[in-house]
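Pasted below: my_file09.pdb, PDB, C-alpha atoms.
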```
ATOM      1  CA  MET A  90      98.986  79.185 107.118
ATOM      2  CA  GLN A  91      96.127  81.651 106.813
ATOM      3  CA  SER A  92      95.381  82.697 103.252
ATOM      4  CA  LEU A  93      95.167  86.314 102.090
ATOM      5  CA  GLN A  94      91.394  85.906 101.899
ATOM      6  CA  GLU A  95      91.156  84.555 105.452
ATOM      7  CA  LYS A  96      93.263  87.380 106.848
ATOM      8  CA  ALA A  97      91.254  89.951 104.912
ATOM      9  CA  SER A  98      88.011  88.559 106.332
ATOM     10  CA  GLU A  99      89.263  88.307 109.879
ATOM     11  CA  TRP A 100      90.795  91.779 109.985
ATOM     12  CA  SER A 101      88.009  93.551 108.100
ATOM     13  CA  GLY A 102      85.116  91.642 109.674
ATOM     14  CA  VAL A 103      83.675  91.262 106.156
ATOM     15  CA  HIS A 104      82.872  87.802 104.825
ATOM     16  CA  PRO A 105      83.966  87.181 101.199
ATOM     17  CA  LYS A 106      80.314  86.645 100.289
ATOM     18  CA  ASP A 107      79.544  90.221 101.382
ATOM     19  CA  ALA A 108      82.765  91.661  99.935
ATOM     20  CA  PHE A 109      81.929  90.302  96.497
ATOM     21  CA  ALA A 110      78.215  91.111  96.646
ATOM     22  CA  ILE A 111      79.249  93.977  94.319
ATOM     23  CA  ASP A 112      78.966  91.316  91.609
ATOM     24  CA  GLU A 113      75.282  90.622  92.264
ATOM     25  CA  THR A 114      74.218  93.731  90.383
ATOM     26  CA  ASN A 115      76.039  95.716  87.719
ATOM     27  CA  LEU A 116      76.978  98.806  89.734
ATOM     28  CA  TYR A 117      78.529 100.501  86.719
ATOM     29  CA  GLU A 118      75.264 100.313  84.782
ATOM     30  CA  LYS A 119      73.329 101.381  87.856
ATOM     31  CA  LEU A 120      75.516 104.372  88.796
ATOM     32  CA  GLY A 121      77.202 105.432  85.546
ATOM     33  CA  LEU A 122      80.725 106.611  84.773
ATOM     34  CA  GLN A 123      80.321 110.149  86.107
ATOM     35  CA  THR A 124      79.379 108.920  89.589
ATOM     36  CA  PHE A 125      82.610 106.928  89.790
ATOM     37  CA  ILE A 126      84.641 109.945  88.626
ATOM     38  CA  ASN A 127      82.893 112.080  91.254
ATOM     39  CA  LEU A 128      83.502 109.523  93.996
ATOM     40  CA  SER A 129      87.229 109.219  93.306
ATOM     41  CA  THR A 130      87.625 112.995  92.981
ATOM     42  CA  ASN A 131      85.780 113.479  96.274
ATOM     43  CA  PHE A 132      87.922 110.772  97.898
ATOM     44  CA  TYR A 133      91.294 112.098  96.767
ATOM     45  CA  ASN A 134      90.383 115.689  97.587
ATOM     46  CA  ARG A 135      90.017 114.470 101.177
ATOM     47  CA  VAL A 136      93.202 112.381 101.081
ATOM     48  CA  TYR A 137      95.422 115.131  99.656
ATOM     49  CA  ASP A 138      94.037 117.555 102.238
ATOM     50  CA  ASP A 139      94.265 115.120 105.155
ATOM     51  CA  GLU A 140      95.311 116.781 108.402
ATOM     52  CA  GLU A 141      97.154 113.568 109.280
ATOM     53  CA  GLU A 142     100.544 114.140 107.699
ATOM     54  CA  TRP A 143     101.638 110.476 107.975
ATOM     55  CA  PHE A 144      98.704 109.436 105.784
ATOM     56  CA  ARG A 145      98.883 112.351 103.322
ATOM     57  CA  SER A 146     102.588 111.703 102.780
ATOM     58  CA  ILE A 147     101.911 108.184 101.430
ATOM     59  CA  PHE A 148     100.497 109.872  98.319
ATOM     60  CA  ALA A 149     103.123 112.622  98.049
ATOM     61  CA  ASN A 150     104.871 111.134  95.011
ATOM     62  CA  SER A 151     101.691 110.676  92.967
ATOM     63  CA  LYS A 152      99.835 113.391  91.084
ATOM     64  CA  LYS A 153      96.265 113.764  92.322
ATOM     65  CA  GLU A 154      94.782 113.577  88.806
ATOM     66  CA  ASP A 155      96.604 110.276  88.192
ATOM     67  CA  ALA A 156      95.470 108.828  91.511
ATOM     68  CA  ILE A 157      91.865 109.766  90.666
ATOM     69  CA  GLN A 158      92.001 108.237  87.190
ATOM     70  CA  ASN A 159      93.702 105.021  88.332
ATOM     71  CA  GLN A 160      91.070 104.571  91.014
ATOM     72  CA  TYR A 161      87.892 105.263  89.063
ATOM     73  CA  GLU A 162      89.089 103.237  86.076
ATOM     74  CA  PHE A 163      89.709 100.272  88.368
ATOM     75  CA  PHE A 164      86.328 100.671  90.085
ATOM     76  CA  VAL A 165      84.528 100.933  86.720
ATOM     77  CA  GLN A 166      86.253  97.816  85.423
ATOM     78  CA  ARG A 167      85.704  95.789  88.596
ATOM     79  CA  MET A 168      82.087  96.822  88.991
ATOM     80  CA  GLY A 169      80.771  95.765  85.610
ATOM     81  CA  GLY A 170      81.965  98.499  83.249
ATOM     82  CA  PRO A 171      84.450  98.544  80.361
ATOM     83  CA  PRO A 172      88.025  97.416  81.165
ATOM     84  CA  LEU A 173      89.394 100.977  81.188
ATOM     85  CA  TYR A 174      92.074 100.169  83.718
ATOM     86  CA  SER A 175      93.530  97.129  81.960
ATOM     87  CA  GLN A 176      93.508  98.761  78.533
ATOM     88  CA  ARG A 177      95.697 101.534  79.917
ATOM     89  CA  ARG A 178      97.731  99.835  82.654
ATOM     90  CA  GLY A 179      97.300  96.034  82.414
ATOM     91  CA  HIS A 180      96.073  93.731  85.159
ATOM     92  CA  PRO A 181      95.113  95.463  88.405
ATOM     93  CA  ALA A 182      97.728  93.354  90.268
ATOM     94  CA  LEU A 183      96.550  95.086  93.418
ATOM     95  CA  ILE A 184      99.140  93.809  95.866
ATOM     96  CA  ALA A 185     102.130  94.384  93.577
ATOM     97  CA  ARG A 186     101.026  97.922  92.723
ATOM     98  CA  HIS A 187     100.687  98.766  96.421
ATOM     99  CA  ARG A 188     104.160  97.473  97.156
ATOM    100  CA  PRO A 189     105.854 100.889  97.349
ATOM    101  CA  PHE A 190     103.393 101.971 100.066
ATOM    102  CA  PRO A 191     103.205 101.121 103.777
ATOM    103  CA  VAL A 192      99.758  99.480 103.778
ATOM    104  CA  THR A 193      99.302  99.059 107.536
ATOM    105  CA  HIS A 194      96.107  98.382 109.519
ATOM    106  CA  GLN A 195      96.162 102.038 110.520
ATOM    107  CA  ALA A 196      96.524 103.213 106.893
ATOM    108  CA  ALA A 197      93.674 100.904 105.834
ATOM    109  CA  GLU A 198      91.384 102.414 108.494
ATOM    110  CA  ARG A 199      92.308 105.962 107.449
ATOM    111  CA  TRP A 200      91.694 105.146 103.774
ATOM    112  CA  LEU A 201      88.297 103.688 104.712
ATOM    113  CA  HIS A 202      87.429 106.711 106.838
ATOM    114  CA  HIS A 203      87.913 109.020 103.846
ATOM    115  CA  MET A 204      86.101 106.628 101.512
ATOM    116  CA  GLN A 205      83.100 106.426 103.830
ATOM    117  CA  GLU A 206      82.895 110.235 103.879
ATOM    118  CA  ALA A 207      83.361 110.403 100.115
ATOM    119  CA  LEU A 208      80.561 107.856  99.582
ATOM    120  CA  ASP A 209      78.266 109.729 101.976
ATOM    121  CA  SER A 210      78.816 113.037 100.229
ATOM    122  CA  THR A 211      78.653 111.827  96.620
ATOM    123  CA  THR A 212      75.125 112.241  95.337
ATOM    124  CA  ASP A 213      73.389 109.566  93.270
ATOM    125  CA  ILE A 214      74.708 106.575  95.189
ATOM    126  CA  ASP A 215      71.781 104.695  96.746
ATOM    127  CA  ALA A 216      72.049 103.068 100.173
ATOM    128  CA  ASP A 217      72.256  99.495  98.871
ATOM    129  CA  SER A 218      75.106 100.290  96.461
ATOM    130  CA  LYS A 219      76.872 102.194  99.229
ATOM    131  CA  THR A 220      76.742  99.177 101.563
ATOM    132  CA  LYS A 221      77.976  96.827  98.855
ATOM    133  CA  MET A 222      80.823  99.118  97.875
ATOM    134  CA  MET A 223      81.885  99.764 101.450
ATOM    135  CA  ASN A 224      81.997  96.014 102.180
ATOM    136  CA  PHE A 225      84.102  95.525  99.071
ATOM    137  CA  PHE A 226      86.431  98.399  99.989
ATOM    138  CA  ARG A 227      86.814  97.249 103.588
ATOM    139  CA  HIS A 228      87.641  93.678 102.628
ATOM    140  CA  THR A 229      89.999  94.843  99.866
ATOM    141  CA  ALA A 230      91.822  97.282 102.168
ATOM    142  CA  PHE A 231      92.649  94.477 104.602
ATOM    143  CA  PHE A 232      93.449  92.111 101.751
ATOM    144  CA  LEU A 233      96.157  94.634 100.854
ATOM    145  CA  VAL A 234      97.341  94.815 104.474
ATOM    146  CA  ALA A 235      97.715  91.016 104.301
ATOM    147  CA  GLY A 236      99.632  91.394 101.023
ATOM    148  CA  ASP A 237     101.878  94.002 102.585
ATOM    149  CA  GLU A 238     102.782  91.761 105.521
ATOM    150  CA  LEU A 239     103.644  88.959 103.114
ATOM    151  CA  LYS A 240     106.121  91.339 101.483
ATOM    152  CA  SER A 241     107.874  92.230 104.756
ATOM    153  CA  HIS A 242     108.123  88.602 105.740
ATOM    154  CA  LYS A 243     109.594  87.485 102.425
ATOM    155  CA  GLN A 244     112.011  90.356 102.270
ATOM    156  CA  GLY A 245     113.128  89.720 105.825
ATOM    157  CA  VAL A 246     113.963  86.136 105.012
ATOM    158  CA  ALA A 247     115.805  87.040 101.812
ATOM    159  CA  CYS A 248     117.815  89.758 103.550
ATOM    160  CA  LYS A 249     118.769  87.606 106.499
ATOM    161  CA  HIS A 250     120.059  85.108 104.016
ATOM    162  CA  ALA A 251     121.973  87.753 102.051
ATOM    163  CA  ALA A 252     123.415  89.286 105.214
ATOM    164  CA  GLY A 253     124.728  85.887 106.314
ATOM    165  CA  LYS A 254     126.912  85.579 103.221
ATOM    166  CA  PRO A 255     130.331  87.182 102.998
ATOM    167  CA  ALA A 256     130.320  90.373 100.923
ATOM    168  CA  ALA A 257     131.222  89.741  97.297
ATOM    169  CA  ALA A 258     133.404  92.821  96.878
TER     170      ALA A 258
ATOM    171  CA  MET B 793     110.774 103.933  83.602
ATOM    172  CA  GLN B 794     108.812 101.483  81.476
ATOM    173  CA  SER B 795     105.512 100.430  83.010
ATOM    174  CA  LEU B 796     104.472  96.812  83.534
ATOM    175  CA  GLN B 797     102.064  97.208  80.611
ATOM    176  CA  GLU B 798     104.773  98.574  78.296
ATOM    177  CA  LYS B 799     107.156  95.749  79.143
ATOM    178  CA  ALA B 800     104.396  93.169  78.707
ATOM    179  CA  SER B 801     103.588  94.562  75.248
ATOM    180  CA  GLU B 802     107.198  94.822  74.126
ATOM    181  CA  TRP B 803     108.197  91.353  75.290
ATOM    182  CA  SER B 804     105.016  89.577  74.194
ATOM    183  CA  GLY B 805     104.552  91.477  70.941
ATOM    184  CA  VAL B 806     100.863  91.861  71.869
ATOM    185  CA  HIS B 807      99.307  95.320  72.020
ATOM    186  CA  PRO B 808      97.053  95.929  75.078
ATOM    187  CA  LYS B 809      94.134  96.449  72.677
ATOM    188  CA  ASP B 810      94.567  92.883  71.410
ATOM    189  CA  ALA B 811      95.341  91.451  74.852
ATOM    190  CA  PHE B 812      92.073  92.795  76.241
ATOM    191  CA  ALA B 813      89.972  91.987  73.189
ATOM    192  CA  ILE B 814      88.742  89.112  75.396
ATOM    193  CA  ASP B 815      86.391  91.779  76.804
ATOM    194  CA  GLU B 816      84.703  92.471  73.450
ATOM    195  CA  THR B 817      82.562  89.348  73.729
ATOM    196  CA  ASN B 818      81.528  87.365  76.787
ATOM    197  CA  LEU B 819      83.700  84.289  76.341
ATOM    198  CA  TYR B 820      82.218  82.584  79.378
ATOM    199  CA  GLU B 821      78.715  82.770  77.917
ATOM    200  CA  LYS B 822      80.009  81.698  74.524
ATOM    201  CA  LEU B 823      82.078  78.718  75.714
ATOM    202  CA  GLY B 824      80.497  77.641  79.009
ATOM    203  CA  LEU B 825      81.990  76.474  82.297
ATOM    204  CA  GLN B 826      82.812  72.931  81.172
ATOM    205  CA  THR B 827      85.036  74.177  78.339
ATOM    206  CA  PHE B 828      87.129  76.173  80.821
ATOM    207  CA  ILE B 829      87.425  73.147  83.137
ATOM    208  CA  ASN B 830      88.472  71.013  80.146
ATOM    209  CA  LEU B 831      91.031  73.585  79.000
ATOM    210  CA  SER B 832      92.714  73.888  82.398
ATOM    211  CA  THR B 833      92.697  70.111  82.895
ATOM    212  CA  ASN B 834      94.222  69.623  79.459
ATOM    213  CA  PHE B 835      96.810  72.337  80.191
ATOM    214  CA  TYR B 836      97.928  71.025  83.570
ATOM    215  CA  ASN B 837      98.032  67.412  82.351
ATOM    216  CA  ARG B 838     100.683  68.650  79.918
ATOM    217  CA  VAL B 839     102.510  70.736  82.525
ATOM    218  CA  TYR B 840     102.715  67.996  85.149
ATOM    219  CA  ASP B 841     103.951  65.550  82.479
ATOM    220  CA  ASP B 842     106.417  67.987  80.924
ATOM    221  CA  GLU B 843     109.647  66.321  79.836
ATOM    222  CA  GLU B 844     111.451  69.554  80.785
ATOM    223  CA  GLU B 845     112.201  68.980  84.448
ATOM    224  CA  TRP B 846     113.085  72.651  85.166
ATOM    225  CA  PHE B 847     109.574  73.682  84.131
ATOM    226  CA  ARG B 848     107.715  70.761  85.725
ATOM    227  CA  SER B 849     109.496  71.405  89.028
ATOM    228  CA  ILE B 850     108.003  74.925  89.302
ATOM    229  CA  PHE B 851     104.669  73.238  90.031
ATOM    230  CA  ALA B 852     106.031  70.481  92.279
ATOM    231  CA  ASN B 853     104.634  71.955  95.504
ATOM    232  CA  SER B 854     101.082  72.428  94.170
ATOM    233  CA  LYS B 855      98.472  69.713  93.820
ATOM    234  CA  LYS B 856      97.336  69.345  90.217
ATOM    235  CA  GLU B 857      93.623  69.526  91.136
ATOM    236  CA  ASP B 858      94.225  72.815  92.969
ATOM    237  CA  ALA B 859      96.208  74.277  90.074
ATOM    238  CA  ILE B 860      93.381  73.333  87.688
ATOM    239  CA  GLN B 861      90.677  74.852  89.883
ATOM    240  CA  ASN B 862      92.600  78.080  90.560
ATOM    241  CA  GLN B 863      93.176  78.538  86.859
ATOM    242  CA  TYR B 864      89.717  77.842  85.478
ATOM    243  CA  GLU B 865      88.039  79.852  88.216
ATOM    244  CA  PHE B 866      90.231  82.830  87.347
ATOM    245  CA  PHE B 867      89.585  82.423  83.607
ATOM    246  CA  VAL B 868      85.817  82.155  84.181
ATOM    247  CA  GLN B 869      85.803  85.276  86.349
ATOM    248  CA  ARG B 870      88.023  87.314  84.006
ATOM    249  CA  MET B 871      86.160  86.278  80.860
ATOM    250  CA  GLY B 872      82.656  87.311  81.836
ATOM    251  CA  GLY B 873      81.497  84.580  84.209
ATOM    252  CA  PRO B 874      80.673  84.542  87.927
ATOM    253  CA  PRO B 875      83.449  85.667  90.327
ATOM    254  CA  LEU B 876      84.290  82.103  91.403
ATOM    255  CA  TYR B 877      87.915  82.923  92.026
ATOM    256  CA  SER B 878      87.368  85.958  94.254
ATOM    257  CA  GLN B 879      84.617  84.319  96.272
ATOM    258  CA  ARG B 880      87.045  81.556  97.205
ATOM    259  CA  ARG B 881      90.455  83.280  97.203
ATOM    260  CA  GLY B 882      90.003  87.056  97.000
ATOM    261  CA  HIS B 883      91.461  89.369  94.372
ATOM    262  CA  PRO B 884      93.478  87.638  91.662
ATOM    263  CA  ALA B 885      96.545  89.750  92.649
ATOM    264  CA  LEU B 886      98.361  88.018  89.810
ATOM    265  CA  ILE B 887     101.867  89.318  90.429
ATOM    266  CA  ALA B 888     101.822  88.728  94.199
ATOM    267  CA  ARG B 889     100.484  85.198  93.825
ATOM    268  CA  HIS B 890     103.235  84.341  91.333
ATOM    269  CA  ARG B 891     105.911  85.622  93.672
ATOM    270  CA  PRO B 892     107.087  82.224  94.923
ATOM    271  CA  PHE B 893     107.786  81.138  91.313
ATOM    272  CA  PRO B 894     110.650  81.997  88.941
ATOM    273  CA  VAL B 895     108.583  83.646  86.179
ATOM    274  CA  THR B 896     111.324  84.065  83.566
ATOM    275  CA  HIS B 897     110.994  84.742  79.820
ATOM    276  CA  GLN B 898     111.832  81.082  79.258
ATOM    277  CA  ALA B 899     109.151  79.911  81.719
ATOM    278  CA  ALA B 900     106.583  82.218  80.067
ATOM    279  CA  GLU B 901     107.338  80.709  76.648
ATOM    280  CA  ARG B 902     107.068  77.158  78.003
ATOM    281  CA  TRP B 903     103.753  77.988  79.716
ATOM    282  CA  LEU B 904     102.467  79.440  76.441
ATOM    283  CA  HIS B 905     103.661  76.411  74.460
ATOM    284  CA  HIS B 906     101.562  74.099  76.635
ATOM    285  CA  MET B 907      98.596  76.490  76.595
ATOM    286  CA  GLN B 908      98.660  76.695  72.775
ATOM    287  CA  GLU B 909      98.582  72.889  72.601
ATOM    288  CA  ALA B 910      95.850  72.712  75.232
ATOM    289  CA  LEU B 911      93.734  75.255  73.303
ATOM    290  CA  ASP B 912      94.289  73.399  70.025
ATOM    291  CA  SER B 913      93.228  70.073  71.510
ATOM    292  CA  THR B 914      90.227  71.288  73.546
ATOM    293  CA  THR B 915      87.087  70.862  71.477
ATOM    294  CA  ASP B 916      84.386  73.545  71.324
ATOM    295  CA  ILE B 917      86.723  76.539  71.242
ATOM    296  CA  ASP B 918      86.208  78.423  67.970
ATOM    297  CA  ALA B 919      89.128  80.031  66.127
ATOM    298  CA  ASP B 920      88.208  83.615  67.078
ATOM    299  CA  SER B 921      87.971  82.815  70.809
ATOM    300  CA  LYS B 922      91.254  80.914  70.566
ATOM    301  CA  THR B 923      93.042  83.924  69.069
ATOM    302  CA  LYS B 924      91.608  86.286  71.675
ATOM    303  CA  MET B 925      92.529  83.981  74.542
ATOM    304  CA  MET B 926      96.034  83.349  73.239
ATOM    305  CA  ASN B 927      96.681  87.104  72.907
ATOM    306  CA  PHE B 928      95.440  87.606  76.451
ATOM    307  CA  PHE B 929      97.574  84.724  77.771
ATOM    308  CA  ARG B 930     100.698  85.876  75.909
ATOM    309  CA  HIS B 931     100.407  89.445  77.160
ATOM    310  CA  THR B 932      99.619  88.270  80.699
ATOM    311  CA  ALA B 933     102.555  85.844  80.780
ATOM    312  CA  PHE B 934     104.991  88.654  79.985
ATOM    313  CA  PHE B 935     103.186  91.026  82.344
ATOM    314  CA  LEU B 936     104.086  88.488  85.041
ATOM    315  CA  VAL B 937     107.694  88.312  83.837
ATOM    316  CA  ALA B 938     107.779  92.107  84.234
ATOM    317  CA  GLY B 939     106.295  91.727  87.732
ATOM    318  CA  ASP B 940     108.890  89.119  88.591
ATOM    319  CA  GLU B 941     111.803  91.366  87.568
ATOM    320  CA  LEU B 942     110.376  94.174  89.685
ATOM    321  CA  LYS B 943     110.527  91.805  92.669
ATOM    322  CA  SER B 944     114.196  90.887  92.146
ATOM    323  CA  HIS B 945     115.164  94.526  91.774
ATOM    324  CA  LYS B 946     113.367  95.645  94.937
ATOM    325  CA  GLN B 947     114.674  92.739  96.955
ATOM    326  CA  GLY B 948     118.215  93.390  95.773
ATOM    327  CA  VAL B 949     118.009  97.003  96.909
ATOM    328  CA  ALA B 950     116.488  96.113 100.276
ATOM    329  CA  CYS B 951     119.071  93.429 100.947
ATOM    330  CA  LYS B 952     122.042  95.577  99.981
ATOM    331  CA  HIS B 953     120.762  98.086 102.464
ATOM    332  CA  ALA B 954     120.303  95.451 105.177
ATOM    333  CA  ALA B 955     123.720  93.928 104.510
ATOM    334  CA  GLY B 956     125.347  97.338 104.907
ATOM    335  CA  LYS B 957     124.134  97.645 108.498
ATOM    336  CA  PRO B 958     125.989  96.073 111.399
ATOM    337  CA  ALA B 959     124.355  92.859 112.613
ATOM    338  CA  ALA B 960     121.900  93.435 115.469
ATOM    339  CA  ALA B 961     122.935  90.398 117.506
TER     340      ALA B 961
END
```

I need this file expressed as structure tokens, please.
Amino acid sequence: MQSLQEKASEWSGVHPKDAFAIDETNLYEKLGLQTFINLSTNFYNRVYDDEEEWFRSIFANSKKEDAIQNQYEFFVQRMGGPPLYSQRRGHPALIARHRPFPVTHQAAERWLHHMQEALDSTTDIDADSKTKMMNFFRHTAFFLVAGDELKSHKQGVACKHAAGKPAAA
Amino acid sequence: MQSLQEKASEWSGVHPKDAFAIDETNLYEKLGLQTFINLSTNFYNRVYDDEEEWFRSIFANSKKEDAIQNQYEFFVQRMGGPPLYSQRRGHPALIARHRPFPVTHQAAERWLHHMQEALDSTTDIDADSKTKMMNFFRHTAFFLVAGDELKSHKQGVACKHAAGKPAAA
């Protein structure tokens, strides 16, 4: 069976070595907190204004300010900064926290489309950092698609099993 | 609704501030790779020899060498070292990867019992690092119990729904 990592690489076209090249330099020290806040604000402004209703609706139950804070705190923590995310919310547990959402291939591509535009229009992010971050984002997005498919599969099996039993009441 | 972090703190008795005090110093630089390998080897030797069959059986489908490597690579990565785990397996995704296992309160306590003994009998871990690591492990163990309960709840709901529909074939 293909691992999450293998699926993520195949579907994203990004090798793990390139996805985790974000760890070769400390991007937090290089870019600073404010750049990450700006990036996530820029990104979610696009998402909450998306003309594609199917994508915009995925975020309908979350407040934009919360989405922004969750994202930049995770990025800061993962890219060499203080563990802001874990201090407030615990382990990132990326797949579990994306469980309520339909993380399809199509949703991953739409997310990446907005992130690419957000990166391109956020000042103070140099080309090398941009490439590293985009590789990380692309690989991670498809890692989550792989995690989402795992969920459907498991649930399908459990439900088939449950449906085969006589009702208890 | 209580968050994963709130449940983890309540059930473990460890405040997030203490759980993530592992980030105040670089434990990887302080202890070195070999200490982490020794700790995980020591830990899994105990687990695979556990006299409690119900606990030992949780690990029956995993090879001990793999369990050891997965664990020390995650610890190294999370405690300030190189991202060995992600390069090989992707994001830790702790809750999703524990999904196949029954992570109950009782299993968390048994895991922690073995880890306390492994820490106490691994040389070259100073008292301060030991306390920080144990707080992190205790909080994380109950974070995973919280993640496990989330899974049962969601699956229950999904299956009830599925069982209520007429069979397709």

- [ ] Name every residue that the PyMOL selection byres ((chain A and resi 215-218) around 10) selects in this structure, writing the answer as a PyMOL selection string with chains first and numbers rising.
- [x] chain A and resi 110-111+114-116+119-120+208-209+211-214+219-224

- [ ] Provide the CA of Gly179 in chain A to CA of Gln160 in chain A distance in Å, to one decimal place.
- [x]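 These two atoms are separated by 13.6 Å.
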
Task: Selection result for the PyMOL selection byres ((chain B and resi 843-860) around 12) on this file, as a VMD selection string - done: chain B and resid 828 to 842 861 to 867 877 881 890 to 906

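CA of Val806 in chain B sits 19.1 Å away from CA of Glu941 in chain B.
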
Task: Of the listed residues B:Ile887, B:Glu816, B:Gly805, B:Ala938, that which approaches chain A most closely, counting all atoms listed in the file - done: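 For chain A, the nearest of the candidates is B:Ile887.
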
Open item on the list: Can you work out which residues from chain A touch chain B at a cut-off of 8 Å (counting all atoms listed in the file) and hand them back as a list in words?
Closed with: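 On the chain A side, the interface is Ser92, Leu93, Gln94, Pro105, Lys106, Phe109, Asp112, Pro171, Pro172, Ser175, Gln176, Arg177, Arg178, Gly179, His180, Pro181, Ala182, Leu183, Ile184, Ala185, Thr229, Phe232, Gly236, Gln244, Ala247, Cys248, Ala251 and Ala252 of chain A.
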
With all atoms of range 884-887 of chain B from the file as input, state the centre and edge lengths in Å to one decimal of the axis-aligned box that has 8 Å extra on each side, as AutoDock Vina command-line options.
```
--center_x 97.7 --center_y 88.7 --center_z 91.2 --size_x 24.4 --size_y 18.1 --size_z 18.8
```

Open item on the list: Using only C-alpha atoms, can you tell me which of B:Thr827, B:Phe928, B:Met793, B:Gln869 comes closest to Ala910 in chain B?
Closed with: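 Closest to Ala910 in chain B, using only C-alpha atoms: B:Thr827.
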
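Here CA of Leu122 in chain A and CA of Met204 in chain A stand 17.6 Å from one another.
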